[in-house]
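> So that you have it, the file is entry.csv, and it contains CSV, N, CA and C atoms:
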chain,number,residue,atom,x,y,z
A,1,MET,N,3.5,50.1,-13.8
A,1,MET,CA,2.9,50.8,-12.7
A,1,MET,C,1.9,49.9,-12.0
A,2,LYS,N,1.2,49.1,-12.8
A,2,LYS,CA,0.2,48.1,-12.2
A,2,LYS,C,0.9,47.3,-11.2
A,3,ASN,N,2.1,46.8,-11.4
A,3,ASN,CA,2.8,45.9,-10.4
A,3,ASN,C,3.1,46.7,-9.2
A,4,GLY,N,3.5,47.9,-9.3
A,4,GLY,CA,3.8,48.8,-8.1
A,4,GLY,C,2.5,49.0,-7.3
A,5,ILE,N,1.4,49.3,-8.0
A,5,ILE,CA,0.1,49.5,-7.3
A,5,ILE,C,-0.3,48.2,-6.5
A,6,GLU,N,-0.2,47.1,-7.2
A,6,GLU,CA,-0.6,45.8,-6.6
A,6,GLU,C,0.3,45.4,-5.4
A,7,ALA,N,1.5,45.9,-5.4
A,7,ALA,CA,2.5,45.5,-4.3
A,7,ALA,C,2.5,46.4,-3.1
A,8,SER,N,1.5,47.3,-3.1
A,8,SER,CA,1.4,48.3,-2.0
A,8,SER,C,0.1,48.3,-1.3
A,9,THR,N,0.1,48.5,0.0
A,9,THR,CA,-1.2,48.6,0.7
A,9,THR,C,-1.7,50.0,0.5
A,10,LYS,N,-0.9,51.0,0.5
A,10,LYS,CA,-1.3,52.4,0.2
A,10,LYS,C,-0.4,52.8,-1.0
A,11,PRO,N,-0.7,52.5,-2.2
A,11,PRO,CA,0.2,52.7,-3.3
A,11,PRO,C,0.4,54.2,-3.6
A,12,THR,N,1.7,54.5,-3.9
A,12,THR,CA,2.1,55.7,-4.4
A,12,THR,C,3.1,55.5,-5.5
A,13,ILE,N,2.7,56.0,-6.7
A,13,ILE,CA,3.6,55.9,-7.8
A,13,ILE,C,4.1,57.3,-8.2
A,14,LYS,N,5.4,57.5,-8.3
A,14,LYS,CA,5.9,58.8,-8.7
A,14,LYS,C,6.6,58.6,-10.1
A,15,ILE,N,6.3,59.5,-11.0
A,15,ILE,CA,6.9,59.5,-12.3
A,15,ILE,C,7.7,60.8,-12.5
A,16,SER,N,9.0,60.7,-12.9
A,16,SER,CA,9.8,61.8,-13.1
A,16,SER,C,10.4,61.7,-14.5
A,17,LEU,N,10.4,62.8,-15.3
A,17,LEU,CA,10.9,62.8,-16.6
A,17,LEU,C,11.8,64.0,-16.8
A,18,THR,N,13.0,63.7,-17.3
A,18,THR,CA,13.9,64.7,-17.8
A,18,THR,C,14.3,64.4,-19.2
A,19,SER,N,15.2,65.2,-19.8
A,19,SER,CA,15.6,64.9,-21.1
A,19,SER,C,16.4,63.7,-21.2
A,20,ASN,N,17.0,63.2,-20.1
A,20,ASN,CA,17.8,62.0,-20.1
A,20,ASN,C,17.3,60.8,-19.4
A,21,TYR,N,16.3,61.0,-18.6
A,21,TYR,CA,15.8,59.9,-17.8
A,21,TYR,C,14.3,59.9,-17.6
A,22,LEU,N,13.7,58.7,-17.5
A,22,LEU,CA,12.4,58.4,-17.0
A,22,LEU,C,12.5,57.6,-15.8
A,23,ILE,N,12.0,58.1,-14.6
A,23,ILE,CA,12.0,57.3,-13.4
A,23,ILE,C,10.6,57.0,-12.9
A,24,ILE,N,10.3,55.8,-12.7
A,24,ILE,CA,9.0,55.3,-12.2
A,24,ILE,C,9.3,54.7,-10.8
A,25,ALA,N,8.8,55.3,-9.7
A,25,ALA,CA,9.1,54.8,-8.4
A,25,ALA,C,7.8,54.5,-7.7
A,26,ASP,N,7.9,53.4,-6.9
A,26,ASP,CA,6.7,53.0,-6.1
A,26,ASP,C,7.1,52.7,-4.7
A,27,ASN,N,6.2,52.6,-3.8
A,27,ASN,CA,6.4,52.3,-2.4
A,27,ASN,C,6.0,50.9,-2.0
A,28,GLY,N,6.2,50.0,-2.9
A,28,GLY,CA,5.7,48.6,-2.7
A,28,GLY,C,6.6,47.8,-1.8
A,29,LYS,N,6.4,46.5,-1.9
A,29,LYS,CA,7.2,45.6,-1.0
A,29,LYS,C,8.6,45.4,-1.4
A,30,GLY,N,9.0,45.9,-2.6
A,30,GLY,CA,10.3,45.7,-3.1
A,30,GLY,C,10.5,44.4,-3.8
A,31,ILE,N,11.7,44.3,-4.4
A,31,ILE,CA,12.0,43.1,-5.2
A,31,ILE,C,13.3,42.5,-4.6
A,32,MET,N,13.3,41.2,-4.3
A,32,MET,CA,14.5,40.5,-3.8
A,32,MET,C,15.7,40.6,-4.8
A,33,PRO,N,16.9,40.8,-4.3
A,33,PRO,CA,18.0,40.9,-5.3
A,33,PRO,C,18.1,39.8,-6.3
A,34,GLU,N,17.9,38.5,-5.8
A,34,GLU,CA,17.9,37.4,-6.7
A,34,GLU,C,16.9,37.5,-7.8
A,35,ASP,N,15.7,38.1,-7.5
A,35,ASP,CA,14.7,38.3,-8.5
A,35,ASP,C,15.0,39.4,-9.5
A,36,ILE,N,15.6,40.4,-9.0
A,36,ILE,CA,16.0,41.5,-10.0
A,36,ILE,C,16.8,41.0,-11.1
A,37,LYS,N,17.7,40.0,-10.8
A,37,LYS,CA,18.5,39.4,-11.9
A,37,LYS,C,17.7,38.7,-12.9
A,38,LYS,N,16.5,38.2,-12.6
A,38,LYS,CA,15.7,37.4,-13.5
A,38,LYS,C,14.4,38.0,-14.0
A,39,ILE,N,14.0,39.1,-13.4
A,39,ILE,CA,12.6,39.6,-13.8
A,39,ILE,C,12.5,40.1,-15.2
A,40,LYS,N,13.6,40.3,-15.9
A,40,LYS,CA,13.5,40.7,-17.3
A,40,LYS,C,13.3,39.5,-18.3
A,41,GLU,N,13.5,38.3,-17.7
A,41,GLU,CA,13.3,37.1,-18.5
A,41,GLU,C,11.8,36.8,-18.8
A,42,PRO,N,11.5,36.4,-20.0
A,42,PRO,CA,10.1,36.0,-20.3
A,42,PRO,C,9.6,35.0,-19.4
A,43,PHE,N,8.3,35.2,-19.0
A,43,PHE,CA,7.6,34.3,-18.1
A,43,PHE,C,8.0,34.2,-16.7
A,44,TYR,N,9.0,35.0,-16.3
A,44,TYR,CA,9.5,35.0,-14.9
A,44,TYR,C,8.6,35.9,-14.1
A,45,THR,N,8.1,35.4,-13.0
A,45,THR,CA,7.3,36.3,-12.0
A,45,THR,C,7.9,36.0,-10.6
A,46,THR,N,7.8,37.1,-9.8
A,46,THR,CA,8.2,36.9,-8.4
A,46,THR,C,7.2,36.2,-7.6
A,47,ASN,N,6.0,36.1,-8.1
A,47,ASN,CA,4.9,35.4,-7.4
A,47,ASN,C,5.0,33.9,-7.7
A,48,LYS,N,5.5,33.1,-6.8
A,48,LYS,CA,5.8,31.7,-7.1
A,48,LYS,C,4.6,30.8,-7.1
A,49,ASP,N,3.4,31.3,-6.7
A,49,ASP,CA,2.3,30.4,-6.6
A,49,ASP,C,1.6,30.2,-8.0
A,50,ARG,N,2.0,31.1,-9.0
A,50,ARG,CA,1.5,31.0,-10.4
A,50,ARG,C,0.0,31.0,-10.5
A,51,ASN,N,-0.7,31.7,-9.5
A,51,ASN,CA,-2.1,31.8,-9.5
A,51,ASN,C,-2.5,32.9,-10.4
A,52,ARG,N,-3.3,32.7,-11.4
A,52,ARG,CA,-3.6,33.7,-12.5
A,52,ARG,C,-4.4,34.8,-11.9
A,53,ALA,N,-5.0,34.6,-10.7
A,53,ALA,CA,-5.8,35.7,-10.1
A,53,ALA,C,-4.8,36.7,-9.4
A,54,THR,N,-3.6,36.3,-9.0
A,54,THR,CA,-2.7,37.2,-8.3
A,54,THR,C,-1.4,37.4,-9.1
A,55,SER,N,-1.2,36.7,-10.2
A,55,SER,CA,0.1,36.8,-10.9
A,55,SER,C,-0.1,37.0,-12.4
A,56,GLY,N,0.8,37.7,-13.0
A,56,GLY,CA,0.7,37.9,-14.5
A,56,GLY,C,1.4,36.8,-15.2
A,57,LEU,N,1.6,37.0,-16.5
A,57,LEU,CA,2.3,36.0,-17.3
A,57,LEU,C,3.8,36.2,-17.2
A,58,GLY,N,4.3,37.3,-16.8
A,58,GLY,CA,5.7,37.6,-16.7
A,58,GLY,C,6.2,38.1,-18.1
A,59,LEU,N,5.4,38.8,-18.8
A,59,LEU,CA,5.8,39.2,-20.2
A,59,LEU,C,5.9,40.8,-20.2
A,60,GLY,N,5.2,41.5,-19.3
A,60,GLY,CA,5.1,42.9,-19.4
A,60,GLY,C,6.5,43.6,-19.4
A,61,LEU,N,7.3,43.3,-18.4
A,61,LEU,CA,8.6,43.9,-18.3
A,61,LEU,C,9.5,43.4,-19.4
A,62,THR,N,9.4,42.2,-19.8
A,62,THR,CA,10.2,41.7,-21.0
A,62,THR,C,9.9,42.5,-22.2
A,63,LEU,N,8.6,42.8,-22.5
A,63,LEU,CA,8.3,43.6,-23.7
A,63,LEU,C,8.8,45.0,-23.5
A,64,CYS,N,8.7,45.6,-22.3
A,64,CYS,CA,9.3,46.9,-22.1
A,64,CYS,C,10.8,46.9,-22.3
A,65,CYS,N,11.5,45.9,-21.9
A,65,CYS,CA,12.9,45.8,-22.0
A,65,CYS,C,13.3,45.7,-23.5
A,66,ASN,N,12.5,45.0,-24.3
A,66,ASN,CA,12.7,44.9,-25.7
A,66,ASN,C,12.6,46.2,-26.4
A,67,ILE,N,11.6,47.0,-26.0
A,67,ILE,CA,11.4,48.3,-26.6
A,67,ILE,C,12.6,49.2,-26.2
A,68,ILE,N,13.0,49.2,-24.9
A,68,ILE,CA,14.1,49.9,-24.4
A,68,ILE,C,15.4,49.6,-25.2
A,69,GLU,N,15.6,48.3,-25.4
A,69,GLU,CA,16.8,47.9,-26.2
A,69,GLU,C,16.8,48.3,-27.6
A,70,ILE,N,15.6,48.3,-28.3
A,70,ILE,CA,15.5,48.7,-29.7
A,70,ILE,C,16.0,50.2,-29.8
A,71,HIS,N,15.7,51.0,-28.8
A,71,HIS,CA,16.0,52.4,-28.8
A,71,HIS,C,17.4,52.7,-28.3
A,72,ASN,N,18.2,51.6,-27.9
A,72,ASN,CA,19.5,51.8,-27.3
A,72,ASN,C,19.5,52.5,-26.0
A,73,TRP,N,18.4,52.4,-25.3
A,73,TRP,CA,18.3,53.0,-23.9
A,73,TRP,C,18.8,51.9,-22.9
A,74,LYS,N,18.9,52.3,-21.7
A,74,LYS,CA,19.2,51.4,-20.6
A,74,LYS,C,18.2,51.4,-19.5
A,75,LEU,N,17.9,50.3,-18.9
A,75,LEU,CA,17.0,50.2,-17.8
A,75,LEU,C,17.8,49.7,-16.6
A,76,ASP,N,17.7,50.5,-15.5
A,76,ASP,CA,18.3,50.1,-14.2
A,76,ASP,C,17.2,50.0,-13.2
A,77,ILE,N,17.2,48.9,-12.4
A,77,ILE,CA,16.2,48.6,-11.4
A,77,ILE,C,16.9,48.7,-10.1
A,78,LYS,N,16.4,49.5,-9.2
A,78,LYS,CA,16.8,49.7,-7.8
A,78,LYS,C,15.7,49.4,-6.9
A,79,SER,N,15.9,48.5,-6.0
A,79,SER,CA,14.8,48.1,-5.1
A,79,SER,C,15.3,47.9,-3.7
A,80,THR,N,14.4,48.2,-2.7
A,80,THR,CA,14.7,48.0,-1.3
A,80,THR,C,13.5,47.3,-0.7
A,81,ILE,N,13.7,46.2,-0.1
A,81,ILE,CA,12.6,45.4,0.5
A,81,ILE,C,11.9,46.3,1.5
A,82,ASN,N,10.6,46.2,1.4
A,82,ASN,CA,9.7,47.0,2.3
A,82,ASN,C,9.7,48.5,2.1
A,83,LYS,N,10.4,48.9,1.1
A,83,LYS,CA,10.5,50.4,0.8
A,83,LYS,C,10.0,50.7,-0.6
A,84,GLY,N,10.3,49.9,-1.6
A,84,GLY,CA,9.8,50.1,-2.9
A,84,GLY,C,10.9,49.9,-4.0
A,85,THR,N,10.5,50.2,-5.2
A,85,THR,CA,11.3,50.0,-6.4
A,85,THR,C,11.3,51.2,-7.3
A,86,ASN,N,12.5,51.5,-7.9
A,86,ASN,CA,12.7,52.5,-8.9
A,86,ASN,C,13.1,51.8,-10.2
A,87,MET,N,12.3,52.1,-11.3
A,87,MET,CA,12.7,51.7,-12.6
A,87,MET,C,13.2,53.0,-13.3
A,88,ILE,N,14.5,52.9,-13.7
A,88,ILE,CA,15.1,54.1,-14.3
A,88,ILE,C,15.5,53.8,-15.7
A,89,ILE,N,14.9,54.5,-16.6
A,89,ILE,CA,15.3,54.4,-18.1
A,89,ILE,C,16.2,55.6,-18.4
A,90,ASN,N,17.4,55.2,-18.9
A,90,ASN,CA,18.3,56.2,-19.3
A,90,ASN,C,18.3,56.3,-20.8
A,91,PHE,N,17.9,57.5,-21.4
A,91,PHE,CA,17.8,57.7,-22.8
A,91,PHE,C,19.1,57.8,-23.5
A,92,GLY,N,20.2,57.7,-22.8
A,92,GLY,CA,21.5,57.8,-23.4
A,92,GLY,C,22.2,59.1,-23.4
A,93,GLY,N,21.5,60.0,-22.7
A,93,GLY,CA,22.1,61.4,-22.6
A,93,GLY,C,23.1,61.4,-21.5
A,94,LYS,N,23.8,62.4,-21.4
A,94,LYS,CA,24.8,62.6,-20.3
A,94,LYS,C,24.1,63.0,-19.0
A,95,SER,N,24.6,62.5,-17.9
A,95,SER,CA,23.9,62.8,-16.6
A,95,SER,C,24.4,64.2,-16.1
Mind converting the file's structure to structure tokens?


Amino acid sequence: MKNGIEASTKPTIKISLTSNYLIIADNGKGIMPEDIKKIKEPFYTTNKDRNRATSGLGLGLTLCCNIIEIHNWKLDIKSTINKGTNMIINFGGKS
């Protein structure tokens, strides 16, 4: 959620939970398609300047993905530039 808040001028974070899904949605700047393919990798950040004041280490999502994988859940990331990003965790139930 911290990333979504930092990527927005007027941040809105919506969290939805059902028995099968957890959806975290923000209205941030979005993630480029080429970055979505890589953001789960350790130490990868979309902020290319590597400035510690404005960029993290690139480990938060990697750790979350490891937890999701241990539970045999699935993470889907949907993002639209200048609209925002949805992180959808599927707990393995039927839709």

> Pick out each residue of range 25-85 of chain A that DSSP on the backbone tags as helix (DSSP H, G or I); I need them as an MDAnalysis selection string.

chainID A and resid 33:36 60:70

> What lies within 7 Å of Leu59 in chain A using all atoms listed in the file, ignoring chain neighbours under 4 positions off, as a VMD selection string?

chain A and resid 41 to 44 63 to 64

> Find the residues near Lys83 in chain A: any atom within 6 Å, counting only N, CA and C atoms, skip ones fewer than 6 places away on the same chain, and give them as a list in words.

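Result of the neighbour search: Asp26, Asn27, Gly28, Lys29 and Gly30 of chain A.
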
> Identify, on the basis of only N, CA and C atoms, every residue whose closest approach to range 71-81 of chain A does not exceed 8 Å; exclude the query and any residue fewer than 4 positions from it along the same chain; express the result as a list in words.

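Answer for this query is Gly28, Lys29, Gly30, Ile31, Met32, Pro33, Ile36, Cys65, Asn66, Ile67, Thr85, Asn86, Met87, Ile88, Ile89, Asn90, Phe91, Gly92 and Gly93 of chain A.
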
> Which value, in Å to one decimal, gives the distance between CA of Gly56 in chain A and CA of Tyr21 in chain A?

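Computing it gives 26.9 Å between the two atoms.
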
> For the structure I just gave you, how does DSSP split range 37-80 of chain A - specifically, which residues are strand (DSSP E)? Reply as a ChimeraX atom specification.

/A:74-80

> Rounded to one decimal place, report the atom C of Thr12 in chain A-atom C of Ala25 in chain A distance in Å.

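Atom C of Thr12 in chain A sits 5.3 Å away from atom C of Ala25 in chain A.
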
> Would you work out the distance separating atom N of Ile13 in chain A from atom C of Ile70 in chain A, expressed in Å to one decimal?

27.3 Å

> Generate the missing atoms of range 71-82 of chain A up to all heavy atoms and report them as a PDB file, in the coordinates of the input.


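Listing of rebuild-v3.pdb after writing:
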ATOM      1  N   HIS A  71      15.700  51.000 -28.800  1.00  0.00           N
ATOM      2  CA  HIS A  71      16.000  52.400 -28.800  1.00  0.00           C
ATOM      3  C   HIS A  71      17.400  52.700 -28.300  1.00  0.00           C
ATOM      4  O   HIS A  71      17.823  53.852 -28.179  1.00  0.00           O
ATOM      5  CB  HIS A  71      14.998  53.210 -27.984  1.00  0.00           C
ATOM      6  CG  HIS A  71      13.652  53.295 -28.636  1.00  0.00           C
ATOM      7  ND1 HIS A  71      13.404  54.091 -29.715  1.00  0.00           N
ATOM      8  CD2 HIS A  71      12.488  52.659 -28.359  1.00  0.00           C
ATOM      9  CE1 HIS A  71      12.141  53.962 -30.088  1.00  0.00           C
ATOM     10  NE2 HIS A  71      11.563  53.090 -29.276  1.00  0.00           N
ATOM     11  N   ASN A  72      18.200  51.600 -27.900  1.00  0.00           N
ATOM     12  CA  ASN A  72      19.500  51.800 -27.300  1.00  0.00           C
ATOM     13  C   ASN A  72      19.500  52.500 -26.000  1.00  0.00           C
ATOM     14  O   ASN A  72      20.435  53.252 -25.704  1.00  0.00           O
ATOM     15  CB  ASN A  72      20.474  52.405 -28.335  1.00  0.00           C
ATOM     16  CG  ASN A  72      20.737  51.495 -29.503  1.00  0.00           C
ATOM     17  OD1 ASN A  72      20.952  50.301 -29.343  1.00  0.00           O
ATOM     18  ND2 ASN A  72      20.686  52.049 -30.695  1.00  0.00           N
ATOM     19  N   TRP A  73      18.400  52.400 -25.300  1.00  0.00           N
ATOM     20  CA  TRP A  73      18.300  53.000 -23.900  1.00  0.00           C
ATOM     21  C   TRP A  73      18.800  51.900 -22.900  1.00  0.00           C
ATOM     22  O   TRP A  73      19.021  50.804 -23.300  1.00  0.00           O
ATOM     23  CB  TRP A  73      16.892  53.441 -23.636  1.00  0.00           C
ATOM     24  CG  TRP A  73      16.328  54.481 -24.556  1.00  0.00           C
ATOM     25  CD1 TRP A  73      17.014  55.371 -25.338  1.00  0.00           C
ATOM     26  CD2 TRP A  73      14.941  54.745 -24.794  1.00  0.00           C
ATOM     27  NE1 TRP A  73      16.147  56.164 -26.041  1.00  0.00           N
ATOM     28  CE2 TRP A  73      14.863  55.803 -25.722  1.00  0.00           C
ATOM     29  CE3 TRP A  73      13.758  54.205 -24.317  1.00  0.00           C
ATOM     30  CZ2 TRP A  73      13.652  56.329 -26.164  1.00  0.00           C
ATOM     31  CZ3 TRP A  73      12.557  54.714 -24.764  1.00  0.00           C
ATOM     32  CH2 TRP A  73      12.507  55.771 -25.667  1.00  0.00           C
ATOM     33  N   LYS A  74      18.900  52.300 -21.700  1.00  0.00           N
ATOM     34  CA  LYS A  74      19.200  51.400 -20.600  1.00  0.00           C
ATOM     35  C   LYS A  74      18.200  51.400 -19.500  1.00  0.00           C
ATOM     36  O   LYS A  74      17.667  52.481 -19.180  1.00  0.00           O
ATOM     37  CB  LYS A  74      20.606  51.793 -20.040  1.00  0.00           C
ATOM     38  CG  LYS A  74      21.732  51.855 -21.047  1.00  0.00           C
ATOM     39  CD  LYS A  74      22.123  50.479 -21.510  1.00  0.00           C
ATOM     40  CE  LYS A  74      23.262  50.567 -22.508  1.00  0.00           C
ATOM     41  NZ  LYS A  74      23.267  49.538 -23.473  1.00  0.00           N
ATOM     42  N   LEU A  75      17.900  50.300 -18.900  1.00  0.00           N
ATOM     43  CA  LEU A  75      17.000  50.200 -17.800  1.00  0.00           C
ATOM     44  C   LEU A  75      17.800  49.700 -16.600  1.00  0.00           C
ATOM     45  O   LEU A  75      18.563  48.744 -16.607  1.00  0.00           O
ATOM     46  CB  LEU A  75      15.927  49.123 -18.048  1.00  0.00           C
ATOM     47  CG  LEU A  75      15.021  48.803 -16.851  1.00  0.00           C
ATOM     48  CD1 LEU A  75      14.219  50.027 -16.428  1.00  0.00           C
ATOM     49  CD2 LEU A  75      14.103  47.645 -17.165  1.00  0.00           C
ATOM     50  N   ASP A  76      17.700  50.500 -15.500  1.00  0.00           N
ATOM     51  CA  ASP A  76      18.300  50.100 -14.200  1.00  0.00           C
ATOM     52  C   ASP A  76      17.200  50.000 -13.200  1.00  0.00           C
ATOM     53  O   ASP A  76      16.246  50.795 -13.145  1.00  0.00           O
ATOM     54  CB  ASP A  76      19.249  51.233 -13.785  1.00  0.00           C
ATOM     55  CG  ASP A  76      20.085  50.841 -12.586  1.00  0.00           C
ATOM     56  OD1 ASP A  76      20.269  49.627 -12.343  1.00  0.00           O
ATOM     57  OD2 ASP A  76      20.563  51.742 -11.875  1.00  0.00           O
ATOM     58  N   ILE A  77      17.200  48.900 -12.400  1.00  0.00           N
ATOM     59  CA  ILE A  77      16.200  48.600 -11.400  1.00  0.00           C
ATOM     60  C   ILE A  77      16.900  48.700 -10.100  1.00  0.00           C
ATOM     61  O   ILE A  77      17.804  47.921  -9.800  1.00  0.00           O
ATOM     62  CB  ILE A  77      15.540  47.251 -11.673  1.00  0.00           C
ATOM     63  CG1 ILE A  77      14.927  47.198 -13.072  1.00  0.00           C
ATOM     64  CG2 ILE A  77      14.507  46.957 -10.593  1.00  0.00           C
ATOM     65  CD1 ILE A  77      14.473  45.818 -13.506  1.00  0.00           C
ATOM     66  N   LYS A  78      16.400  49.500  -9.200  1.00  0.00           N
ATOM     67  CA  LYS A  78      16.800  49.700  -7.800  1.00  0.00           C
ATOM     68  C   LYS A  78      15.700  49.400  -6.900  1.00  0.00           C
ATOM     69  O   LYS A  78      14.599  49.966  -7.090  1.00  0.00           O
ATOM     70  CB  LYS A  78      17.423  51.029  -7.589  1.00  0.00           C
ATOM     71  CG  LYS A  78      18.607  51.354  -8.488  1.00  0.00           C
ATOM     72  CD  LYS A  78      19.298  52.603  -8.040  1.00  0.00           C
ATOM     73  CE  LYS A  78      20.440  52.980  -8.946  1.00  0.00           C
ATOM     74  NZ  LYS A  78      21.512  52.054  -9.019  1.00  0.00           N
ATOM     75  N   SER A  79      15.900  48.500  -6.000  1.00  0.00           N
ATOM     76  CA  SER A  79      14.800  48.100  -5.100  1.00  0.00           C
ATOM     77  C   SER A  79      15.300  47.900  -3.700  1.00  0.00           C
ATOM     78  O   SER A  79      16.354  47.323  -3.491  1.00  0.00           O
ATOM     79  CB  SER A  79      14.080  46.857  -5.648  1.00  0.00           C
ATOM     80  OG  SER A  79      12.888  46.608  -4.949  1.00  0.00           O
ATOM     81  N   THR A  80      14.400  48.200  -2.700  1.00  0.00           N
ATOM     82  CA  THR A  80      14.700  48.000  -1.300  1.00  0.00           C
ATOM     83  C   THR A  80      13.500  47.300  -0.700  1.00  0.00           C
ATOM     84  O   THR A  80      12.372  47.785  -0.882  1.00  0.00           O
ATOM     85  CB  THR A  80      14.985  49.306  -0.569  1.00  0.00           C
ATOM     86  OG1 THR A  80      16.060  49.995  -1.223  1.00  0.00           O
ATOM     87  CG2 THR A  80      15.347  49.046   0.877  1.00  0.00           C
ATOM     88  N   ILE A  81      13.700  46.200  -0.100  1.00  0.00           N
ATOM     89  CA  ILE A  81      12.600  45.400   0.500  1.00  0.00           C
ATOM     90  C   ILE A  81      11.900  46.300   1.500  1.00  0.00           C
ATOM     91  O   ILE A  81      12.494  46.956   2.325  1.00  0.00           O
ATOM     92  CB  ILE A  81      13.173  44.101   1.157  1.00  0.00           C
ATOM     93  CG1 ILE A  81      13.866  43.221   0.110  1.00  0.00           C
ATOM     94  CG2 ILE A  81      12.059  43.330   1.866  1.00  0.00           C
ATOM     95  CD1 ILE A  81      12.991  42.824  -1.062  1.00  0.00           C
ATOM     96  N   ASN A  82      10.600  46.200   1.400  1.00  0.00           N
ATOM     97  CA  ASN A  82       9.700  47.000   2.300  1.00  0.00           C
ATOM     98  C   ASN A  82       9.700  48.500   2.100  1.00  0.00           C
ATOM     99  O   ASN A  82       9.186  49.236   2.908  1.00  0.00           O
ATOM    100  CB  ASN A  82       9.845  46.612   3.769  1.00  0.00           C
ATOM    101  CG  ASN A  82       9.519  45.168   4.027  1.00  0.00           C
ATOM    102  OD1 ASN A  82       8.566  44.615   3.486  1.00  0.00           O
ATOM    103  ND2 ASN A  82      10.325  44.530   4.858  1.00  0.00           N
TER     104      ASN A  82
END
